[in-house]
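Single-structure report; data block below.
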Amino acid sequence: MKLKNLPIIKNEQHPFHLVSPSPWPLMVSLAVFDLALSVVLYFLYYKYSEYYIVFFIFLLFFFVGRWFTDIVVEATFQGFHTVMVQKGLRYGMMLFIVSEVMFFFSFFWAFFHNSLAPSIWIGCQWPPLGIQVINPWSLPLLNTVILVSSGVAVTYAHRAMLGGRRYDVIWGLSYAILLGVAFTFLQLFEYRTATFSINDSIYGSIFYMVTGFHGLHVIIGTFFLFICLLRHLKYHFLVEHHFGLEAAIWYWHFVDVIWLLLFIVVYWWGGIFS
């Protein structure tokens with residue numbers, strides 16, 4: 001047997017993380033699909049559909065939790081998140097936020113398309129006739145102050161992390177989480193006291209879609225910060241290795257900016273001629 005005919009096996013050393021097969025992406029996808037289907041059934045007034053929604057929400061959180069646990073183990077205990085891997089994760093998080101920007105861009109496009117040139121079907125005026133818009137200087141302004149303050153809190157926590165001030169990080173994240181929860185409850189109170197619903201013309205549809213999806217992002221961001229707080233309490237973050245916290249802070253600042261645009265465009269400018 002000639003040596004030149006033997007296969008050459010290379011044992012290359014590289015800084016990249018080759019992820020092992022995982023069932024969680026598939027499980028999360030199935031849970032999201034089932035949850036969306038349950039919501040559709042709820043809108044169609046199917047019996048027991050609300051119980052399906054609750055069940056699949058818990059199932060989704062379980063699968064996501066297991067998936068995140070594997071990632072934390074890979075990053076913190078197995079040391080797979082090298083400098084090169086962190087660089088790739090940063091690019092991935094940036095692209096994810098850009099995709100979210102495009103998502104909200106579509107809602108703002110729909111808002112301007114209908115408000116700048118109101119059709120005859122809504123009385124050629126904006127807001128449409130019969131819509132009593134929400135006063136922007138009441139709850140929306142309070143929520144703006146709350147969300148901007150939470151952005152200041154997470155920035156303070158990040159600076160404290162870079163400076164190695166452990167307890168300042170804990171306080172900063174805790175304040176941000178509490179403010180995020182307060183924002184969510186005030187948003188729910190605003191929905192309950194509003195004089196129009198999601199099926200009240202194009203204004204109600206756009207208003208509840210854009211503010212509702214933003215509220216969903218606030219809830220997700222709050223959980224994101226809460227997980228980072230738990231990880232920090234368990235000493236998972238180091239001064240030179242805390243991308244998980246940075247990603248949560250980037251996401252929270254994105255939520256802040258979207259809300260500022262919402263306040264200016266939807267609440268203030270959208271109701272200025274009412």
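Lettering and numbering for the structure tokens are positional, with chains as A, B, ... in the shown order, residues counted from 1 in each chain, and ligands counted from 1 in the shown order.
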Residues of stretch 76-141 of chain A in helix (DSSP H, G or I) according to DSSP, as a JSON list (two decimals) with N, CA and C atoms, in the first residue's frame?
[["chain", "number", "residue", "atom", "x", "y", "z"],
["A", 76, "THR", "N", -19.81, 29.82, 29.38],
["A", 76, "THR", "CA", -19.24, 30.08, 30.71],
["A", 76, "THR", "C", -18.37, 28.93, 31.22],
["A", 77, "PHE", "N", -18.83, 27.72, 31.04],
["A", 77, "PHE", "CA", -18.15, 26.58, 31.67],
["A", 77, "PHE", "C", -17.28, 25.78, 30.70],
["A", 83, "VAL", "N", -12.74, 34.84, 21.52],
["A", 83, "VAL", "CA", -12.83, 36.21, 21.01],
["A", 83, "VAL", "C", -13.45, 36.23, 19.62],
["A", 84, "MET", "N", -13.05, 35.28, 18.78],
["A", 84, "MET", "CA", -13.61, 35.21, 17.43],
["A", 84, "MET", "C", -15.09, 34.86, 17.45],
["A", 85, "VAL", "N", -15.50, 33.96, 18.32],
["A", 85, "VAL", "CA", -16.91, 33.61, 18.44],
["A", 85, "VAL", "C", -17.72, 34.80, 18.94],
["A", 86, "GLN", "N", -17.19, 35.52, 19.91],
["A", 86, "GLN", "CA", -17.88, 36.72, 20.40],
["A", 86, "GLN", "C", -18.04, 37.76, 19.31],
["A", 87, "LYS", "N", -17.04, 37.86, 18.45],
["A", 87, "LYS", "CA", -17.14, 38.80, 17.33],
["A", 87, "LYS", "C", -18.28, 38.42, 16.41],
["A", 88, "GLY", "N", -18.40, 37.12, 16.12],
["A", 88, "GLY", "CA", -19.51, 36.66, 15.30],
["A", 88, "GLY", "C", -20.86, 36.88, 15.97],
["A", 89, "LEU", "N", -20.91, 36.69, 17.28],
["A", 89, "LEU", "CA", -22.15, 36.93, 18.01],
["A", 89, "LEU", "C", -22.55, 38.41, 17.98],
["A", 90, "ARG", "N", -21.56, 39.27, 18.03],
["A", 90, "ARG", "CA", -21.85, 40.71, 17.94],
["A", 90, "ARG", "C", -22.46, 41.05, 16.59],
["A", 91, "TYR", "N", -21.86, 40.52, 15.51],
["A", 91, "TYR", "CA", -22.43, 40.77, 14.19],
["A", 91, "TYR", "C", -23.84, 40.19, 14.09],
["A", 92, "GLY", "N", -24.04, 39.00, 14.67],
["A", 92, "GLY", "CA", -25.37, 38.41, 14.63],
["A", 92, "GLY", "C", -26.40, 39.24, 15.37],
["A", 93, "MET", "N", -26.02, 39.77, 16.53],
["A", 93, "MET", "CA", -26.95, 40.61, 17.29],
["A", 93, "MET", "C", -27.25, 41.91, 16.55],
["A", 94, "MET", "N", -26.23, 42.47, 15.89],
["A", 94, "MET", "CA", -26.45, 43.68, 15.10],
["A", 94, "MET", "C", -27.45, 43.43, 13.97],
["A", 95, "LEU", "N", -27.26, 42.31, 13.27],
["A", 95, "LEU", "CA", -28.18, 41.98, 12.18],
["A", 95, "LEU", "C", -29.59, 41.71, 12.69],
["A", 96, "PHE", "N", -29.68, 41.09, 13.86],
["A", 96, "PHE", "CA", -31.00, 40.85, 14.45],
["A", 96, "PHE", "C", -31.71, 42.17, 14.75],
["A", 97, "ILE", "N", -30.99, 43.13, 15.32],
["A", 97, "ILE", "CA", -31.59, 44.43, 15.62],
["A", 97, "ILE", "C", -31.98, 45.16, 14.33],
["A", 98, "VAL", "N", -31.16, 45.04, 13.29],
["A", 98, "VAL", "CA", -31.51, 45.63, 11.99],
["A", 98, "VAL", "C", -32.80, 45.02, 11.46],
["A", 99, "SER", "N", -32.96, 43.70, 11.59],
["A", 99, "SER", "CA", -34.20, 43.06, 11.16],
["A", 99, "SER", "C", -35.40, 43.56, 11.96],
["A", 100, "GLU", "N", -35.19, 43.83, 13.24],
["A", 100, "GLU", "CA", -36.26, 44.39, 14.07],
["A", 100, "GLU", "C", -36.60, 45.81, 13.64],
["A", 101, "VAL", "N", -35.60, 46.57, 13.24],
["A", 101, "VAL", "CA", -35.84, 47.92, 12.72],
["A", 101, "VAL", "C", -36.72, 47.85, 11.48],
["A", 102, "MET", "N", -36.43, 46.92, 10.58],
["A", 102, "MET", "CA", -37.25, 46.75, 9.39],
["A", 102, "MET", "C", -38.67, 46.34, 9.75],
["A", 103, "PHE", "N", -38.81, 45.54, 10.78],
["A", 103, "PHE", "CA", -40.13, 45.10, 11.24],
["A", 103, "PHE", "C", -40.98, 46.31, 11.65],
["A", 104, "PHE", "N", -40.42, 47.19, 12.47],
["A", 104, "PHE", "CA", -41.17, 48.36, 12.90],
["A", 104, "PHE", "C", -41.29, 49.40, 11.79],
["A", 105, "PHE", "N", -40.35, 49.39, 10.86],
["A", 105, "PHE", "CA", -40.43, 50.31, 9.72],
["A", 105, "PHE", "C", -41.72, 50.09, 8.94],
["A", 106, "SER", "N", -42.12, 48.83, 8.82],
["A", 106, "SER", "CA", -43.35, 48.53, 8.08],
["A", 106, "SER", "C", -44.57, 49.14, 8.77],
["A", 107, "PHE", "N", -44.60, 49.12, 10.09],
["A", 107, "PHE", "CA", -45.71, 49.72, 10.82],
["A", 107, "PHE", "C", -45.73, 51.24, 10.67],
["A", 108, "PHE", "N", -44.56, 51.86, 10.77],
["A", 108, "PHE", "CA", -44.51, 53.31, 10.58],
["A", 108, "PHE", "C", -44.89, 53.69, 9.15],
["A", 109, "TRP", "N", -44.50, 52.85, 8.20],
["A", 109, "TRP", "CA", -44.88, 53.11, 6.81],
["A", 109, "TRP", "C", -46.40, 53.09, 6.67],
["A", 110, "ALA", "N", -47.05, 52.09, 7.26],
["A", 110, "ALA", "CA", -48.51, 52.01, 7.20],
["A", 110, "ALA", "C", -49.16, 53.21, 7.87],
["A", 111, "PHE", "N", -48.56, 53.67, 8.99],
["A", 111, "PHE", "CA", -49.12, 54.82, 9.69],
["A", 111, "PHE", "C", -49.04, 56.07, 8.83],
["A", 112, "PHE", "N", -47.88, 56.35, 8.25],
["A", 112, "PHE", "CA", -47.73, 57.56, 7.43],
["A", 112, "PHE", "C", -48.53, 57.45, 6.14],
["A", 113, "HIS", "N", -48.61, 56.26, 5.58],
["A", 113, "HIS", "CA", -49.37, 56.08, 4.34],
["A", 113, "HIS", "C", -50.83, 56.45, 4.54],
["A", 114, "ASN", "N", -51.40, 56.10, 5.68],
["A", 114, "ASN", "CA", -52.81, 56.37, 5.94],
["A", 114, "ASN", "C", -53.06, 57.74, 6.55],
["A", 115, "SER", "N", -52.06, 58.29, 7.25],
["A", 115, "SER", "CA", -52.27, 59.58, 7.91],
["A", 115, "SER", "C", -51.99, 60.76, 7.00],
["A", 116, "LEU", "N", -51.03, 60.63, 6.10],
["A", 116, "LEU", "CA", -50.68, 61.75, 5.22],
["A", 116, "LEU", "C", -51.67, 61.90, 4.07],
["A", 120, "ILE", "N", -61.07, 58.07, 1.43],
["A", 120, "ILE", "CA", -62.49, 58.42, 1.62],
["A", 120, "ILE", "C", -63.17, 57.47, 2.58],
["A", 121, "TRP", "N", -62.61, 56.26, 2.74],
["A", 121, "TRP", "CA", -63.23, 55.26, 3.60],
["A", 121, "TRP", "C", -63.13, 55.61, 5.08],
["A", 122, "ILE", "N", -62.22, 56.52, 5.43],
["A", 122, "ILE", "CA", -62.11, 56.96, 6.83],
["A", 122, "ILE", "C", -62.46, 58.44, 6.95],
["A", 139, "LEU", "N", -50.40, 59.31, 30.30],
["A", 139, "LEU", "CA", -49.68, 58.05, 30.46],
["A", 139, "LEU", "C", -48.54, 57.86, 29.45],
["A", 140, "PRO", "N", -48.72, 58.22, 28.17],
["A", 140, "PRO", "CA", -47.58, 58.06, 27.24],
["A", 140, "PRO", "C", -46.34, 58.83, 27.67],
["A", 141, "LEU", "N", -46.51, 60.05, 28.17],
["A", 141, "LEU", "CA", -45.36, 60.82, 28.63],
["A", 141, "LEU", "C", -44.71, 60.17, 29.85]]
Fewer than 3 positions away in the same chain doesn't count, so skip those; otherwise give me all residues within 7 Å of stretch 213-220 of chain A, counting only C-alpha atoms, as a list in words.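 Listed by chain and then number, they are Gly180, Thr184, Met209, Val210, Phe223, Phe224 and Val255 of chain A.
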Would you save the residues of that selection, restricted to N, CA and C atoms, as an mmCIF file, in the first residue's frame?
data_model
loop_
_atom_site.group_PDB
_atom_site.id
_atom_site.type_symbol
_atom_site.label_atom_id
_atom_site.label_comp_id
_atom_site.auth_asym_id
_atom_site.auth_seq_id
_atom_site.Cartn_x
_atom_site.Cartn_y
_atom_site.Cartn_z
ATOM 1 N N GLY A 180 -38.988 48.440 33.649
ATOM 2 C CA GLY A 180 -39.600 47.728 32.534
ATOM 3 C C GLY A 180 -40.933 47.108 32.915
ATOM 4 N N THR A 184 -44.791 48.071 31.464
ATOM 5 C CA THR A 184 -45.732 47.084 30.937
ATOM 6 C C THR A 184 -47.098 47.218 31.591
ATOM 7 N N MET A 209 -51.300 47.444 16.947
ATOM 8 C CA MET A 209 -50.261 46.579 16.404
ATOM 9 C C MET A 209 -48.876 47.100 16.766
ATOM 10 N N VAL A 210 -48.621 48.382 16.532
ATOM 11 C CA VAL A 210 -47.278 48.907 16.749
ATOM 12 C C VAL A 210 -46.964 49.041 18.234
ATOM 13 N N PHE A 223 -37.182 40.233 30.450
ATOM 14 C CA PHE A 223 -36.701 38.883 30.758
ATOM 15 C C PHE A 223 -35.211 38.758 30.436
ATOM 16 N N PHE A 224 -34.790 39.358 29.348
ATOM 17 C CA PHE A 224 -33.381 39.329 28.950
ATOM 18 C C PHE A 224 -32.508 39.937 30.051
ATOM 19 N N VAL A 255 -35.227 49.192 22.067
ATOM 20 C CA VAL A 255 -36.605 49.354 22.536
ATOM 21 C C VAL A 255 -36.860 50.808 22.939
#
Could you pull the residues within 12 Å of stretch 25-32 of chain A, counting only C-alpha atoms, minus those fewer than 2 positions along the same chain, as an NGL selection string? :A and (21-23 or 34-39 or 52-68 or 70)
Could you save the residues just selected, with C-alpha atoms, as a compact mmCIF listing (two decimals), in the first residue's frame?
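Result file follows (out_14.txt):
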# COMPACT_ATOMS: atom_id res chain seq x y z
CA PRO A 21 -26.64 18.99 17.17
CA SER A 22 -29.40 20.38 19.39
CA PRO A 23 -33.14 19.63 19.49
CA ASP A 34 -48.55 25.95 17.81
CA LEU A 35 -48.83 29.19 19.79
CA ALA A 36 -49.64 31.19 16.64
CA LEU A 37 -52.21 28.57 15.62
CA SER A 38 -53.80 28.76 19.08
CA VAL A 39 -54.07 32.54 18.82
CA TYR A 52 -53.99 26.12 24.44
CA ILE A 53 -52.41 29.58 24.35
CA VAL A 54 -51.33 29.39 27.99
CA PHE A 55 -50.01 25.84 27.53
CA PHE A 56 -47.90 26.67 24.49
CA ILE A 57 -46.57 29.84 26.13
CA PHE A 58 -45.24 27.77 29.02
CA LEU A 59 -43.93 25.17 26.57
CA LEU A 60 -42.16 27.89 24.59
CA PHE A 61 -40.54 29.31 27.71
CA PHE A 62 -39.41 25.83 28.72
CA PHE A 63 -37.75 25.11 25.37
CA VAL A 64 -36.16 28.56 25.20
CA GLY A 65 -34.88 28.15 28.76
CA ARG A 66 -33.24 24.82 27.93
CA TRP A 67 -31.72 26.29 24.79
CA PHE A 68 -30.34 29.29 26.68
CA ASP A 70 -26.97 25.09 26.79
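Residues with any atom within 12 Å of A:Ile227, counting only C-alpha atoms and excluding same-chain neighbours fewer than 2 positions away, are Gly65, Phe68, Thr69, Val72, Ile170, Leu173, Ser174, Ile177, Ile220, Gly221, Thr222, Phe223, Phe224, Leu225, Leu229, Leu230, Arg231, His232, Leu233, Lys234, His236, Phe237, Gly244, Leu245, Ala247 and Ala248 of chain A.
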Can you spit out the residues from that selection as a PDB file, in the first residue's frame, using C-alpha atoms?
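Output file out.pdb follows:
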ATOM      1  CA  GLY A  65     -34.878  28.150  28.762  1.00  0.00           C
ATOM      2  CA  PHE A  68     -30.335  29.292  26.675  1.00  0.00           C
ATOM      3  CA  THR A  69     -28.996  26.965  29.376  1.00  0.00           C
ATOM      4  CA  VAL A  72     -24.644  29.564  28.909  1.00  0.00           C
ATOM      5  CA  ILE A 170     -26.782  44.643  40.373  1.00  0.00           C
ATOM      6  CA  LEU A 173     -30.028  46.038  36.300  1.00  0.00           C
ATOM      7  CA  SER A 174     -32.554  45.807  39.139  1.00  0.00           C
ATOM      8  CA  ILE A 177     -36.059  45.576  35.354  1.00  0.00           C
ATOM      9  CA  ILE A 220     -38.778  40.128  26.145  1.00  0.00           C
ATOM     10  CA  GLY A 221     -36.151  42.735  26.998  1.00  0.00           C
ATOM     11  CA  THR A 222     -37.170  42.669  30.651  1.00  0.00           C
ATOM     12  CA  PHE A 223     -36.701  38.883  30.758  1.00  0.00           C
ATOM     13  CA  PHE A 224     -33.381  39.329  28.950  1.00  0.00           C
ATOM     14  CA  LEU A 225     -32.150  41.749  31.615  1.00  0.00           C
ATOM     15  CA  LEU A 229     -28.980  39.780  36.499  1.00  0.00           C
ATOM     16  CA  LEU A 230     -29.208  36.129  37.589  1.00  0.00           C
ATOM     17  CA  ARG A 231     -26.064  35.268  35.659  1.00  0.00           C
ATOM     18  CA  HIS A 232     -24.230  38.202  37.193  1.00  0.00           C
ATOM     19  CA  LEU A 233     -25.268  37.067  40.681  1.00  0.00           C
ATOM     20  CA  LYS A 234     -23.745  33.672  39.847  1.00  0.00           C
ATOM     21  CA  HIS A 236     -20.893  34.366  35.046  1.00  0.00           C
ATOM     22  CA  PHE A 237     -19.718  37.758  33.776  1.00  0.00           C
ATOM     23  CA  GLY A 244     -24.597  38.445  27.029  1.00  0.00           C
ATOM     24  CA  LEU A 245     -25.061  41.598  29.108  1.00  0.00           C
ATOM     25  CA  ALA A 247     -26.485  42.151  23.903  1.00  0.00           C
ATOM     26  CA  ALA A 248     -29.290  42.737  26.429  1.00  0.00           C
TER      27      ALA A 248
END
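Comparing A:Leu41, A:Ile202, A:Leu178, A:Leu238 by their smallest distance to A:Pro128, the closest is A:Ile202 (using only C-alpha atoms).
Counting only C-alpha atoms and comparing A:Phe196, A:Tyr175, A:Trp137, A:Phe43, the residue that lies closest to A:Gly151 is A:Tyr175.
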Using only C-alpha atoms, which residue out of A:Val152, A:Cys124, A:Ile71, A:Leu129 lies closest to A:Asp256?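 Of A:Val152, A:Cys124, A:Ile71, A:Leu129, the one nearest A:Asp256 is A:Val152, counting only C-alpha atoms.
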Name all residues at most 9 Å from A:Val148 (count only C-alpha atoms; drop same-chain ones fewer than 3 positions away) and give them as a ChimeraX atom specification. /A:143-145,151-153,253,256-257,260
Please save N, CA and C atoms of the selected residues as a PDB file, in the first residue's frame.
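The result, stored in out.pdb:
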ATOM      1  N   ASN A 143     -44.771  56.969  30.591  1.00  0.00           N
ATOM      2  CA  ASN A 143     -44.077  55.785  30.113  1.00  0.00           C
ATOM      3  C   ASN A 143     -42.770  56.152  29.404  1.00  0.00           C
ATOM      4  N   THR A 144     -42.760  57.285  28.735  1.00  0.00           N
ATOM      5  CA  THR A 144     -41.523  57.739  28.092  1.00  0.00           C
ATOM      6  C   THR A 144     -40.445  58.013  29.129  1.00  0.00           C
ATOM      7  N   VAL A 145     -40.821  58.699  30.195  1.00  0.00           N
ATOM      8  CA  VAL A 145     -39.864  58.988  31.267  1.00  0.00           C
ATOM      9  C   VAL A 145     -39.365  57.685  31.898  1.00  0.00           C
ATOM     10  N   GLY A 151     -33.253  53.057  30.391  1.00  0.00           N
ATOM     11  CA  GLY A 151     -32.087  53.074  29.515  1.00  0.00           C
ATOM     12  C   GLY A 151     -30.864  53.654  30.207  1.00  0.00           C
ATOM     13  N   VAL A 152     -31.083  54.689  31.008  1.00  0.00           N
ATOM     14  CA  VAL A 152     -29.981  55.258  31.794  1.00  0.00           C
ATOM     15  C   VAL A 152     -29.465  54.234  32.800  1.00  0.00           C
ATOM     16  N   ALA A 153     -30.382  53.467  33.396  1.00  0.00           N
ATOM     17  CA  ALA A 153     -29.998  52.470  34.403  1.00  0.00           C
ATOM     18  C   ALA A 153     -29.139  51.361  33.800  1.00  0.00           C
ATOM     19  N   HIS A 253     -31.750  49.392  24.481  1.00  0.00           N
ATOM     20  CA  HIS A 253     -31.629  50.716  23.870  1.00  0.00           C
ATOM     21  C   HIS A 253     -32.439  50.789  22.575  1.00  0.00           C
ATOM     22  N   ASP A 256     -35.883  51.437  23.588  1.00  0.00           N
ATOM     23  CA  ASP A 256     -36.018  52.843  23.978  1.00  0.00           C
ATOM     24  C   ASP A 256     -36.215  53.743  22.762  1.00  0.00           C
ATOM     25  N   VAL A 257     -35.383  53.565  21.748  1.00  0.00           N
ATOM     26  CA  VAL A 257     -35.443  54.418  20.563  1.00  0.00           C
ATOM     27  C   VAL A 257     -36.775  54.243  19.834  1.00  0.00           C
ATOM     28  N   LEU A 260     -39.467  56.164  21.657  1.00  0.00           N
ATOM     29  CA  LEU A 260     -39.390  57.604  21.423  1.00  0.00           C
ATOM     30  C   LEU A 260     -40.016  57.963  20.079  1.00  0.00           C
TER      31      LEU A 260
END
Using only C-alpha atoms, which protein or nucleic acid residues come within 7 Å of A:Val154? Drop anything in the same chain fewer than 4 positions from it, and give the result as a PyMOL selection string. chain A and resi 150+158+172-173+176+249
